[in-house]
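Enquirer: I'd like to ask you about the structure that follows.
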Amino acid sequence: MVTGQGAIGNIAAQLAQLQGAEVIVTDVDIARLELSQKCGIKNRINTAEVDLAEAVEKITGGNMVNTLIDASGITAEVA
């Protein structure tokens, strides 16, 4: 999973996908998520609209994620 779909997050997601990963990306900006879709990332989550854990569980069939790339730029801990 790659959080944040600015330039760095988008490139990280594309590179992970090119290496064979099943990629999930998250962001609160609809335009960034739409750009991710145009770049071939099929699993996109708008965390402003849905519960992240529930969405990830649904996408992964309950397996959740084993690798996280944080490209969100948010420094505060989010609980």
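Residues in the structure tokens are numbered from 1 in each chain, the chains being A, B, ... in the order shown, and ligands are numbered from 1 in the order shown.
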Go through chain A and collect every residue that DSSP, computed from the backbone, puts in strand (DSSP E); the answer should be as a ChimeraX atom specification.

Expert: /A:2-3,24-27,43-46,69-70

Enquirer: Neighbouring residues of Ala13 in chain A were defined as those with any atom within 9 Å, considering only C-alpha atoms; residues of the same chain fewer than 4 positions away were excluded. Please report them as a count of residues only.

Expert: 14

Enquirer: Tell me, as a PyMOL selection string, which residues lie within 10 Å of Val56 in chain A, counting only C-alpha atoms; anything in the same chain fewer than 3 positions away does not count.

Expert: chain A and resi 1+24-25+43-45+51-53+59-65

Enquirer: Set the distance at 10 Å and use only C-alpha atoms: which residues neighbour Gly6 in chain A once local chain neighbours fewer than 3 positions away are removed? I'd like the list as a PyMOL selection string.

Expert: chain A and resi 3+9-12+27+29+31-33+35-36+71-73

Enquirer: Enter the distance from CA of Lys42 in chain A to CA of Ala16 in chain A, in Å, rounded to one decimal.

Expert: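 Atom-to-atom, CA of Lys42 in chain A to CA of Ala16 in chain A, that is 12.9 Å.
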
Enquirer: DSSP says helix (DSSP H, G or I) for which residues of chain A? Put them as JSON, numbers by chain?

Expert: {"A": [7, 8, 9, 10, 11, 12, 13, 14, 15, 16, 17, 18, 30, 31, 32, 33, 34, 35, 36, 37, 38, 52, 53, 54, 55, 56, 57, 58, 59, 60]}

Enquirer: Would you work out the distance separating CA of Asp70 in chain A from CA of Gln19 in chain A, expressed in Å to one decimal?

Expert: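 So the answer is 18.0 Å.
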
Enquirer: Could you tell me how far CA of Thr26 in chain A sits from CA of Asn46 in chain A, in Å to one decimal place?

Expert: 5.8 Å
